[in-house]
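Undergrad: Dropping the structure in here first, questions after.
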Amino acid sequence: MAFIDILQSIIPIALFYSAPLIFTALGGVFSERSGVVNIGLEGLMVMGAFVGIVFNLTFADVFGAATPWLSIIVAAIVSSIFSLLHAVASVSFRADQVVSGVAINFLALGLGVFLTKQWYGKGQTDMVTEPFYSQNIPYLSDIPIIGDMFFTGAYYTSFLAIALAFVAWFVLYKTAFGLQLRSVGEHPMAADTNGINVYRMRYIAVMLSGAFGGLGGSVFALTIALNFSSSTIVGQGFMSLAAVIFGKWHPLGALGAALFFGFAQSLSIISTNIPFLADVPKVYLTIAPYVLTIFALAGFIGRAEAPKANGQPYIKGTR
Amino acid sequence: MFSNRLFNIFVPIISVLLGLFAGAIIMFAFGYNPIEGYQALWDGAFGNSYFFGETIRQVTPYILTGLAVAFAFRSGLFNIGAEGQVIVGWVAAVWVGSSIEAPMVIHLPLSILAAAFAGALWGFLPGLLKATKGVHEVIITIMMNYIALHVSNYLIRNVISDGGDSSDRIGDTASLASNWLMELTDYSRMHYGIIVAIIAAIIMWFILEKTSSGYEFKAVGFNPHASKYAGMNVKKNIILSMVISGAFAGLAGAMEGLGTFGYMPSHSAFTNLGFDGIAVALLGGNTAFGTVIAAFLFGILKIGALNMPTSAGVPSELVEIVIALIIFFVASSYIIRWFLLRMRKEEK
């Protein structure tokens, strides 16, 4: 198989698997940049997947082909409301942010499965009838080579994810709002003295992470899983968290890391079709993203520096 | 009246009560009878000797993962990797238990130690990276969890079985299971592991409270800079703490491999023993004694929950919600303290 052919079979799958991770990782970037550690990304994705699937199942008849898009919007809204719990606990109640994030993970899964059993009478929902379908993007898919690689059999959600990464970069680095948000995560007291409302900024950041996590979870559910059960989201949120750190808390870095993880995952999925990878035991490819993250953090790819005030509750009047 | 010590006891108790109360409200909101629901939970944990045996069986690994997380917490580390350490411990125990033939006095301790060693190894790497490179242990341990999961599945399918979905069975000489305990509890899967767990709790208490290295662990947890200034080797303490923590979690894996199951099935997802251990440790205030109490509570909730769908029609996930809320309340203890202080002021 020629190299181009291999790329043509890997890239669509890599994009497909990366999209949910990109969304969620962007959420992580917002939250952690404001100084709130968000280990609850997993739970926010679970909530997003649950809401996305339930909305899709309930309103598929009403909205027809627009249902998946409405589903991810509703999932983003509900997840951002859900993430308020994390904000209240870690910003206002000064809870340990990691612990509160763990609680978010437990709670989302418990609530999701509880309500699934309540509403559908069994451990998983039905399959959705209106998922996202892969499409040939008009015009772009006609470009030779690149068209086949990126725009044939692709999902619009993947491009939305990549576009949002650039939007997030613009917001964080080119607007006053972004500067305020980052300053709150680096030195909340200095930000406070300059008239920035630290609590408000952190609440906004956490809710943004909820919205992005909801997008990620619902996109995963509506492109890959197609139903909701306790095993729909298993670790994608933690992968996204790894992408945040791997990407050095930068939106474009997180985008790159998420694309890389998606690429590594797709390798292990289609390795049997690629001559020189077919003989490699699959386990090496499966663990590759995790091992590489550890290598990266251990300093092979440079030191990752967290926002200074990440994880510390801000208490007015303390130094 | 409210000393710090009293607070430390009050906060978990209030959190549990609030969590159960919230669970009752949820049951009520969905048209269930909360009293029936909790009655079913109670019966499911203590209703007969079988349920009681199963509860103890569940409590056993919870004590150990709780100790693992608590021990790391005491030296300022968050070991979210107990999950992976449980898995590698389980693999190691089953591997030694099924591939070696030896008399029980050697075989059983050897299998248990293998599990502790494997868990310790899995804790060593995050400890090393934290100590030497300052890499956050949470991320490394999360990654280590996945590596443990996938590598163990590979080992189970290709090395310790003939290509099957579960490992070979361990030899009788490596088993913690006991016919006597099983008959006593109407053929539950209760095993001698609970003794190992209690001993481990005593060991942790002894290390932390009665030895100078335990003092150093706690000092490093309170203030690494001050500890360093006082001449303590902070790096060594961080690594050692993760190693000991990993060993506790590895033992939990041995409980599953040598006691409950006698083999290891390949896992498509995590066991959740390690993640639940976080909740156990938090509720137990990161002390050995508290962890044992909290492990009993969670064991009761988890096993009792299995009876809720049949007896009261309530989905067992209700208990997951209750546990999550309990963690929330414990984490937000600041607000509970504030509330208690306010009440006290008003009394005056």
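Following the order of the structure tokens, first chain is A, next is B, and so on, with residues numbered from 1 inside each chain and ligands from 1 in the order they appear.
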Leaving out region 226-234 of chain A and any residue of its chain fewer than 3 positions from it, which residues lie within 8 Å of it when counting only C-alpha atoms, given as an NGL selection string?

TA: (:A and (42 or 45-46 or 49-50 or 53 or 109 or 112-113 or 116 or 123-128 or 131 or 217 or 221-223 or 237)) or (:B and (269))

Undergrad: Within 8 Å of chain B, which residues of chain A show up? Give each one with its shortest atom-to-atom distance in Å (one decimal) and the two atoms involved, counting only C-alpha atoms, rows by chain then rising residue number, as CSV.

TA:
residue,atom,partner,partner_atom,distance
A:Ala89,CA,B:Ser332,CA,5.9
A:Ser90,CA,B:Ser332,CA,7.8
A:Phe93,CA,B:Ser332,CA,5.5
A:Arg94,CA,B:Ser332,CA,6.6
A:Ala95,CA,B:Ser332,CA,4.6
A:Asp96,CA,B:Ala331,CA,5.9
A:Val99,CA,B:Ala331,CA,6.3
A:Ser100,CA,B:Phe328,CA,5.9
A:Ala103,CA,B:Ala324,CA,4.9
A:Ile104,CA,B:Ala324,CA,7.2
A:Phe106,CA,B:Ala324,CA,5.2
A:Leu107,CA,B:Ala324,CA,5.0
A:Leu109,CA,B:Glu320,CA,7.9
A:Gly110,CA,B:Glu320,CA,5.0
A:Leu111,CA,B:Ile321,CA,6.2
A:Val113,CA,B:Glu317,CA,6.6
A:Phe114,CA,B:Glu317,CA,5.2
A:Lys117,CA,B:Pro315,CA,6.7
A:Gln118,CA,B:Pro315,CA,7.5
A:Ser231,CA,B:Ala269,CA,7.7
A:Val234,CA,B:Ala269,CA,7.1
A:Phe238,CA,B:Ile142,CA,7.3
A:Ala242,CA,B:Ile139,CA,6.7
A:Val283,CA,B:His150,CA,6.5
A:Thr286,CA,B:His150,CA,7.2
A:Ile287,CA,B:Ile147,CA,5.6
A:Tyr290,CA,B:Met143,CA,5.1
A:Val291,CA,B:Met143,CA,7.2
A:Thr293,CA,B:Met143,CA,7.5
A:Ile294,CA,B:Ile140,CA,6.1
A:Leu297,CA,B:Val135,CA,6.5
A:Ala298,CA,B:Lys133,CA,6.5
A:Gly299,CA,B:Lys133,CA,7.6

Undergrad: Please produce an output containing C-alpha atoms for each residue in the selection, written as a PDB file, in the first residue's frame.

TA:
ATOM      1  CA  ALA A  89     -17.590  23.816  45.400  1.00  0.00           C
ATOM      2  CA  SER A  90     -14.154  24.890  44.249  1.00  0.00           C
ATOM      3  CA  PHE A  93     -16.765  26.716  49.084  1.00  0.00           C
ATOM      4  CA  ARG A  94     -12.976  26.506  48.672  1.00  0.00           C
ATOM      5  CA  ALA A  95     -13.148  22.747  48.251  1.00  0.00           C
ATOM      6  CA  ASP A  96     -10.141  20.796  47.085  1.00  0.00           C
ATOM      7  CA  VAL A  99     -11.688  16.111  44.977  1.00  0.00           C
ATOM      8  CA  SER A 100     -14.608  18.141  43.728  1.00  0.00           C
ATOM      9  CA  ALA A 103     -17.168  13.968  42.772  1.00  0.00           C
ATOM     10  CA  ILE A 104     -18.343  15.450  39.438  1.00  0.00           C
ATOM     11  CA  PHE A 106     -19.053  10.025  40.143  1.00  0.00           C
ATOM     12  CA  LEU A 107     -22.151  12.169  40.093  1.00  0.00           C
ATOM     13  CA  LEU A 109     -22.173   8.736  35.813  1.00  0.00           C
ATOM     14  CA  GLY A 110     -24.542   7.958  38.678  1.00  0.00           C
ATOM     15  CA  LEU A 111     -27.135  10.478  37.502  1.00  0.00           C
ATOM     16  CA  VAL A 113     -27.314   5.758  34.447  1.00  0.00           C
ATOM     17  CA  PHE A 114     -29.969   6.333  37.123  1.00  0.00           C
ATOM     18  CA  LYS A 117     -32.863   3.234  33.930  1.00  0.00           C
ATOM     19  CA  GLN A 118     -35.658   5.510  35.055  1.00  0.00           C
ATOM     20  CA  SER A 231     -19.538   2.409  29.368  1.00  0.00           C
ATOM     21  CA  VAL A 234     -14.571   5.507  29.536  1.00  0.00           C
ATOM     22  CA  PHE A 238      -8.979  11.916  31.241  1.00  0.00           C
ATOM     23  CA  ALA A 242      -3.796  14.789  29.363  1.00  0.00           C
ATOM     24  CA  VAL A 283      -1.030  -3.529  22.956  1.00  0.00           C
ATOM     25  CA  THR A 286      -2.980   0.985  22.482  1.00  0.00           C
ATOM     26  CA  ILE A 287      -0.725   2.212  25.249  1.00  0.00           C
ATOM     27  CA  TYR A 290      -0.293   7.202  27.520  1.00  0.00           C
ATOM     28  CA  VAL A 291       3.378   6.277  27.386  1.00  0.00           C
ATOM     29  CA  THR A 293       2.331  11.590  27.499  1.00  0.00           C
ATOM     30  CA  ILE A 294       4.502  10.360  30.351  1.00  0.00           C
ATOM     31  CA  LEU A 297       5.866  15.240  30.888  1.00  0.00           C
ATOM     32  CA  ALA A 298       9.129  13.697  32.022  1.00  0.00           C
ATOM     33  CA  GLY A 299      10.854  16.398  30.048  1.00  0.00           C
TER      34      GLY A 299
END

Undergrad: Need the shell around Ile204 (chain A): protein/DNA/RNA residues with any atom at most 12 Å away, counting only C-alpha atoms. Skip same-chain ones fewer than 6 positions apart. Format as a count of residues only?

TA: 25

Undergrad: How would you write, as a ChimeraX atom specification, the set of residues in region 66-270 of chain B that DSSP gives as strand (DSSP E or B)?

TA: /B:166,177,191,265

Undergrad: Using only C-alpha atoms, which of B:Asn237, B:Ser15, B:Ser49, B:Asn8 sits nearest Thr287 (chain B)?

TA: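 With only C-alpha atoms as the atom set, the closest residue is B:Asn8.
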
Undergrad: I need the residue nearest Val219 (chain A) from this list: A:Ile137, A:Ile13, A:Leu160, A:Gly64. Use only C-alpha atoms for the distance.

TA: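 Ranked by minimum distance to Val219 (chain A), first place goes to A:Leu160.
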
Undergrad: Between B:Ala72, B:Ala45, B:Met264, B:Leu176, which is the closest to Asn307 (chain B) once you count only C-alpha atoms?

TA: B:Ala45

Undergrad: Do you know which residues are at most 7 Å from Ser75 (chain B) counting only C-alpha atoms, after dropping those on the same chain fewer than 6 positions away, and could you put them as a list in words?

TA: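 My reading of the contact set: Phe217, Lys218, Val220, Gly221 and Ser241 of chain B.
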
Undergrad: Those residues you just picked out, can you put them in a file as a tab-separated table (two decimals), in the first residue's frame with N, CA and C atoms?

TA:
chain	number	residue	atom	x	y	z
B	217	PHE	N	6.97	11.81	56.60
B	217	PHE	CA	5.93	11.80	55.56
B	217	PHE	C	4.94	12.92	55.81
B	218	LYS	N	4.50	13.00	57.06
B	218	LYS	CA	3.47	13.99	57.38
B	218	LYS	C	4.02	15.40	57.27
B	220	VAL	N	6.41	16.42	55.27
B	220	VAL	CA	6.50	16.74	53.86
B	220	VAL	C	5.12	17.11	53.31
B	221	GLY	N	4.11	16.41	53.81
B	221	GLY	CA	2.76	16.70	53.37
B	221	GLY	C	2.29	18.08	53.79
B	241	SER	N	6.73	7.34	49.76
B	241	SER	CA	5.30	7.41	50.07
B	241	SER	C	4.47	6.82	48.93

Undergrad: Give one line per residue of region 107-129 of chain B that approaches region 243-249 of chain B to at most 9 Å, naming the two atoms of the closest pair and their distance in Å to one decimal, counting only C-alpha atoms; sort by chain then ascending residue number and deliver it as JSON lines.

TA:
{"residue": "B:Leu113", "atom": "CA", "partner": "B:Ala247", "partner_atom": "CA", "distance": 8.8}
{"residue": "B:Ala115", "atom": "CA", "partner": "B:Ala247", "partner_atom": "CA", "distance": 7.5}
{"residue": "B:Ala116", "atom": "CA", "partner": "B:Ala247", "partner_atom": "CA", "distance": 4.2}
{"residue": "B:Phe117", "atom": "CA", "partner": "B:Ala247", "partner_atom": "CA", "distance": 6.1}
{"residue": "B:Ala118", "atom": "CA", "partner": "B:Ala247", "partner_atom": "CA", "distance": 7.3}
{"residue": "B:Gly119", "atom": "CA", "partner": "B:Gly246", "partner_atom": "CA", "distance": 4.5}
{"residue": "B:Ala120", "atom": "CA", "partner": "B:Gly246", "partner_atom": "CA", "distance": 4.3}
{"residue": "B:Leu121", "atom": "CA", "partner": "B:Val243", "partner_atom": "CA", "distance": 6.7}
{"residue": "B:Trp122", "atom": "CA", "partner": "B:Gly246", "partner_atom": "CA", "distance": 6.4}
{"residue": "B:Gly123", "atom": "CA", "partner": "B:Gly246", "partner_atom": "CA", "distance": 4.6}
{"residue": "B:Phe124", "atom": "CA", "partner": "B:Val243", "partner_atom": "CA", "distance": 5.0}
{"residue": "B:Leu125", "atom": "CA", "partner": "B:Val243", "partner_atom": "CA", "distance": 8.7}
{"residue": "B:Gly127", "atom": "CA", "partner": "B:Val243", "partner_atom": "CA", "distance": 7.3}

Undergrad: I'd like to know which of B:Ala82, B:Ala29, B:Ile9, B:Ile199 is closest to Leu273 (chain B), using only C-alpha atoms.

TA: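 Using only C-alpha atoms, Leu273 (chain B) sits closest to B:Ala82.
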